[in-house]
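Asks: Below you will find the structure I want to go over with you.
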Amino acid sequence: MQLSDDLYAFPWRVLNVNNCNSYLIDGAFKILIDPGHQHLFGELRSSLRSINIRPEDIDLIIATHIHPDHVEAVQSFSSPSTMVAIHEGEYHYFQENVAYYYGHNPKLDFLLAEGTLKAGNIELEVIHTPGHSPGSICLYWPSHKALFAGDLIFEGGVGRTDLPGGNADQLKRSIGRLSSLDIELLLPGHGNLIRGQEEVARNFSLIEKVYFGII
Ligand SMILES: [Zn+2]
C-alpha cells in the first residue's frame with residue numbers, strides 16, 4: 001500500500017496469525033521499519049518485490065522493539081550493507097534479562113537513543129516510549145507528519161503491558177508525550193492505519209477515555 005511517493009505500508013492482513021505491519025521509507029536511503037516474524041517473511045518479500053525492492057536494497061532496518069513478531073526477520077537481510085538498529089534500552093534490558101525468553105538474538109549494527117536520527121536525506125525523531133517494553137520507540141517523520149507507533153498505540157487500543165519489562169504507568173506517560181505532535185498518519189505495529197489529523201486526534205481521545213479514564 002503506497003501512502004506517498006516515498007512511503008509504503010505493508011499491513012498484516014491475516015488476522016489469525018500474529019505478525020506486525022511493516023513500513024518502508026523508499027528514498028535514496030531506504031529504511032524498513034519492523035520486518036516481522038522470520039517464518040512469515042515470504043509475505044513481506046513478495047510485497048517488496050512488487051515494488052522492485054530486493055532485501056539487499058534496504059539500507060537500514062529499525063525495529064520499534066525487540067519482540068519476535070517485529071524483529072525476527074532481520075535474519076533474512078544478509079547483505080552487509082543493510083544495517084539494523086533498535087533502542088539502546090531495549091537492547092540492554094533484553095540482553096541482561098530475557099534473551100532466553102524470545103530465543104532470538106538479532107544482529108545489530110548500532111543502538112538508537114532519543115533524538116534526531118539522520119539517515120541519508122531522511123530525518124526521523126526517535127521518541128523513547130516505554131510501556132509495552134522498556135526500550136520501545138516511536139519514530140516521528142516530521143516532513144510527512146507520520147508516526148510509526150510500534151506497539152504503543154493502535155486504532156482503538158494500546159499495547160499490552162504484561163510481557164517482560166512491560167509497565168502500564170510508563171505506557172500511559174508515553175502516550176501522553178505524543179499528544180503534542182502534529183500527526184497526519186498514525187502507523188501502528190498492528191491493525192489499521194489512521195489517516196487525517198482529526199481521526200488521529202479522535203483515536204487519542206478515545207484511548208484516554210477508555211483506557212485511562214481521562215475525560
Ligand atoms: Zn510487541
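Letters for chains follow the order of the C-alpha cells (A, B, ...), residue numbers begin at 1 for each chain, and ligand numbers begin at 1 in the order shown.
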Any idea what's packed within 9 Å of Pro134 (chain A), counting only C-alpha atoms, ignoring anything in its chain fewer than 5 positions away? Could you give it as a PyMOL selection string?
Replies: chain A and resi 65+89-90+93-94+128-129+164-167+170
Asks: Once you have the residues from the selection above, write them out as a PDB file, in the first residue's frame, restricted to C-alpha atoms.
Replies:
ATOM      1  CA  HIS A  65      11.065  -3.037  19.797  1.00  0.00           C
ATOM      2  CA  GLY A  89      17.323   0.490  26.429  1.00  0.00           C
ATOM      3  CA  GLU A  90      15.673  -2.390  24.611  1.00  0.00           C
ATOM      4  CA  TYR A  93      17.178  -4.919  29.055  1.00  0.00           C
ATOM      5  CA  PHE A  94      16.803  -7.982  26.885  1.00  0.00           C
ATOM      6  CA  HIS A 128      11.606   6.635  23.594  1.00  0.00           C
ATOM      7  CA  THR A 129       8.150   5.363  24.558  1.00  0.00           C
ATOM      8  CA  PRO A 164       8.659  -8.911  30.374  1.00  0.00           C
ATOM      9  CA  GLY A 165       9.575  -5.273  31.044  1.00  0.00           C
ATOM     10  CA  GLY A 166       6.045  -4.029  30.378  1.00  0.00           C
ATOM     11  CA  ASN A 167       4.735  -1.207  32.554  1.00  0.00           C
ATOM     12  CA  GLN A 170       5.013   4.128  31.589  1.00  0.00           C
TER      13      GLN A 170
END
Asks: Kindly provide, as a ChimeraX atom specification, all nucleotide and amino acid residues lying within 12 Å of ligand 1, counting only C-alpha atoms and all ligand atoms.
Replies: /A:18-21,34,36-37,63-72,90,102,130-137,149-154,158-166,188-190
Asks: Neighbours of Leu147 (chain A) within 9 Å (only C-alpha atoms; same-chain residues fewer than 6 positions away dropped), as a list in words?
Replies: Cys138, Leu139, Tyr140, Trp141, Leu181, Ile183, Glu184, Leu185, Leu186, Leu187 and Pro188 of chain A
Asks: In Å, rounded to a single decimal, give me how far CA of Ser78 (chain A) is from CA of Glu96 (chain A).
Replies: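 Answer for the CA of Glu96 (chain A) to CA of Ser78 (chain A) separation: 25.9 Å.
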Asks: Run DSSP on the backbone and tell me which residues of region 79-200 of chain A come out as strand (DSSP E or B); list them as a PyMOL selection string.
Replies: chain A and resi 83-87+110-112+115-119+122-128+137-141+146-150+153-154+157-158+185-188+194-195
Asks: Could you save the residues just selected, with N, CA and C atoms, as a CSV table (one decimal), in the first residue's frame?
Replies:
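Once everything was written out, this is again_18.csv:
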chain,number,residue,atom,x,y,z
A,83,MET,N,22.0,-2.2,7.6
A,83,MET,CA,22.2,-2.1,9.0
A,83,MET,C,20.9,-2.3,9.8
A,84,VAL,N,21.1,-2.7,11.0
A,84,VAL,CA,19.9,-3.0,11.9
A,84,VAL,C,20.1,-2.2,13.2
A,85,ALA,N,19.0,-1.5,13.6
A,85,ALA,CA,19.1,-0.7,14.8
A,85,ALA,C,17.9,-0.9,15.7
A,86,ILE,N,18.1,-0.9,17.0
A,86,ILE,CA,17.0,-0.8,18.0
A,86,ILE,C,17.4,0.2,19.1
A,87,HIS,N,16.5,0.5,19.9
A,87,HIS,CA,16.8,1.4,21.0
A,87,HIS,C,17.8,0.8,22.0
A,110,PHE,N,23.9,-0.8,15.3
A,110,PHE,CA,24.0,0.3,16.2
A,110,PHE,C,22.7,0.5,17.0
A,111,LEU,N,22.9,1.2,18.1
A,111,LEU,CA,21.8,1.4,19.0
A,111,LEU,C,21.2,2.8,18.9
A,112,LEU,N,20.0,3.0,19.1
A,112,LEU,CA,19.3,4.3,19.0
A,112,LEU,C,19.1,4.9,20.4
A,115,GLY,N,16.1,11.3,20.1
A,115,GLY,CA,16.7,12.4,19.4
A,115,GLY,C,16.5,12.3,17.9
A,116,THR,N,17.2,13.1,17.2
A,116,THR,CA,17.1,13.1,15.7
A,116,THR,C,18.0,12.1,15.1
A,117,LEU,N,17.5,11.2,14.2
A,117,LEU,CA,18.3,10.3,13.5
A,117,LEU,C,18.4,10.8,12.1
A,118,LYS,N,19.6,11.0,11.6
A,118,LYS,CA,19.8,11.5,10.2
A,118,LYS,C,20.3,10.3,9.4
A,119,ALA,N,19.5,9.8,8.4
A,119,ALA,CA,19.9,8.7,7.6
A,119,ALA,C,19.7,9.1,6.2
A,122,ILE,N,17.0,11.6,5.1
A,122,ILE,CA,15.8,11.5,5.9
A,122,ILE,C,16.1,11.8,7.3
A,123,GLU,N,15.2,12.5,7.9
A,123,GLU,CA,15.4,12.8,9.4
A,123,GLU,C,14.2,12.3,10.1
A,124,LEU,N,14.5,11.5,11.1
A,124,LEU,CA,13.4,10.9,11.9
A,124,LEU,C,13.7,11.3,13.4
A,125,GLU,N,12.6,11.6,14.1
A,125,GLU,CA,12.7,11.8,15.5
A,125,GLU,C,12.5,10.4,16.2
A,126,VAL,N,13.5,10.0,16.9
A,126,VAL,CA,13.4,8.8,17.8
A,126,VAL,C,12.8,9.2,19.1
A,127,ILE,N,11.6,8.7,19.4
A,127,ILE,CA,11.0,9.0,20.7
A,127,ILE,C,10.9,7.7,21.6
A,128,HIS,N,11.6,7.8,22.7
A,128,HIS,CA,11.6,6.6,23.6
A,128,HIS,C,10.3,6.6,24.3
A,137,ILE,N,10.2,2.2,20.9
A,137,ILE,CA,10.3,3.6,20.4
A,137,ILE,C,9.2,3.8,19.4
A,138,CYS,N,8.8,5.1,19.3
A,138,CYS,CA,8.0,5.6,18.1
A,138,CYS,C,9.0,6.4,17.3
A,139,LEU,N,8.7,6.4,16.0
A,139,LEU,CA,9.5,7.2,15.1
A,139,LEU,C,8.6,8.2,14.5
A,140,TYR,N,9.0,9.5,14.6
A,140,TYR,CA,8.2,10.6,14.0
A,140,TYR,C,8.9,11.1,12.8
A,141,TRP,N,8.2,11.2,11.7
A,141,TRP,CA,8.8,11.7,10.4
A,141,TRP,C,8.2,13.1,10.2
A,146,ALA,N,4.2,11.8,10.0
A,146,ALA,CA,3.8,10.4,10.2
A,146,ALA,C,4.5,9.9,11.4
A,147,LEU,N,3.7,9.1,12.2
A,147,LEU,CA,4.2,8.5,13.4
A,147,LEU,C,4.2,7.0,13.2
A,148,PHE,N,5.4,6.4,13.3
A,148,PHE,CA,5.5,4.9,13.3
A,148,PHE,C,5.4,4.5,14.8
A,149,ALA,N,4.3,3.9,15.2
A,149,ALA,CA,4.0,3.8,16.6
A,149,ALA,C,4.3,2.5,17.3
A,150,GLY,N,4.8,1.5,16.5
A,150,GLY,CA,5.1,0.2,17.1
A,150,GLY,C,3.9,-0.3,17.8
A,153,ILE,N,0.5,2.3,20.6
A,153,ILE,CA,-0.9,2.7,20.4
A,153,ILE,C,-1.5,2.2,19.0
A,154,PHE,N,-2.7,1.7,19.1
A,154,PHE,CA,-3.3,1.2,17.9
A,154,PHE,C,-4.6,1.9,17.6
A,157,GLY,N,-6.9,1.0,20.6
A,157,GLY,CA,-6.3,0.2,21.6
A,157,GLY,C,-4.8,0.6,21.9
A,158,VAL,N,-4.3,0.0,22.9
A,158,VAL,CA,-2.9,0.2,23.3
A,158,VAL,C,-2.1,-1.1,23.4
A,185,LEU,N,-0.6,10.9,9.9
A,185,LEU,CA,-0.6,9.5,9.6
A,185,LEU,C,-0.1,8.7,10.9
A,186,LEU,N,-1.0,7.9,11.4
A,186,LEU,CA,-0.6,7.1,12.6
A,186,LEU,C,-0.4,5.7,12.0
A,187,LEU,N,0.8,5.2,12.1
A,187,LEU,CA,1.2,3.9,11.5
A,187,LEU,C,1.5,2.9,12.6
A,188,PRO,N,0.5,2.2,13.1
A,188,PRO,CA,0.8,1.3,14.2
A,188,PRO,C,1.4,0.0,13.8
A,194,ILE,N,-4.2,4.9,10.6
A,194,ILE,CA,-5.2,6.0,10.9
A,194,ILE,C,-4.7,7.2,10.1
A,195,ARG,N,-5.5,7.7,9.2
A,195,ARG,CA,-5.2,8.9,8.4
A,195,ARG,C,-6.0,10.1,8.7
Asks: Give me, as a VMD selection string, the residues of region 48-139 of chain A that a backbone DSSP run labels alpha helix (DSSP H).
Replies: chain A and resid 48 to 50 68 to 71 88 to 93 99 to 102
Asks: For the residues in the current selection, export C-alpha atoms as a PDB file, in the first residue's frame.
Replies:
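File result.pdb, as written:
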ATOM      1  CA  LEU A  48       8.852  -5.632  -1.612  1.00  0.00           C
ATOM      2  CA  ARG A  49       9.323  -7.473  -4.897  1.00  0.00           C
ATOM      3  CA  SER A  50       6.072  -5.991  -6.182  1.00  0.00           C
ATOM      4  CA  PRO A  68       9.900 -11.506  17.623  1.00  0.00           C
ATOM      5  CA  ASP A  69       6.782 -10.529  15.670  1.00  0.00           C
ATOM      6  CA  HIS A  70       8.586  -7.260  14.850  1.00  0.00           C
ATOM      7  CA  VAL A  71      12.275  -8.045  14.600  1.00  0.00           C
ATOM      8  CA  GLU A  88      19.681   1.100  23.494  1.00  0.00           C
ATOM      9  CA  GLY A  89      17.323   0.490  26.429  1.00  0.00           C
ATOM     10  CA  GLU A  90      15.673  -2.390  24.611  1.00  0.00           C
ATOM     11  CA  TYR A  91      18.984  -3.991  23.803  1.00  0.00           C
ATOM     12  CA  HIS A  92      20.362  -3.762  27.332  1.00  0.00           C
ATOM     13  CA  TYR A  93      17.178  -4.919  29.055  1.00  0.00           C
ATOM     14  CA  ALA A  99      17.175 -13.000  25.826  1.00  0.00           C
ATOM     15  CA  TYR A 100      16.279 -16.627  26.504  1.00  0.00           C
ATOM     16  CA  TYR A 101      12.589 -15.800  26.617  1.00  0.00           C
ATOM     17  CA  TYR A 102      12.405 -14.865  22.984  1.00  0.00           C
TER      18      TYR A 102
END
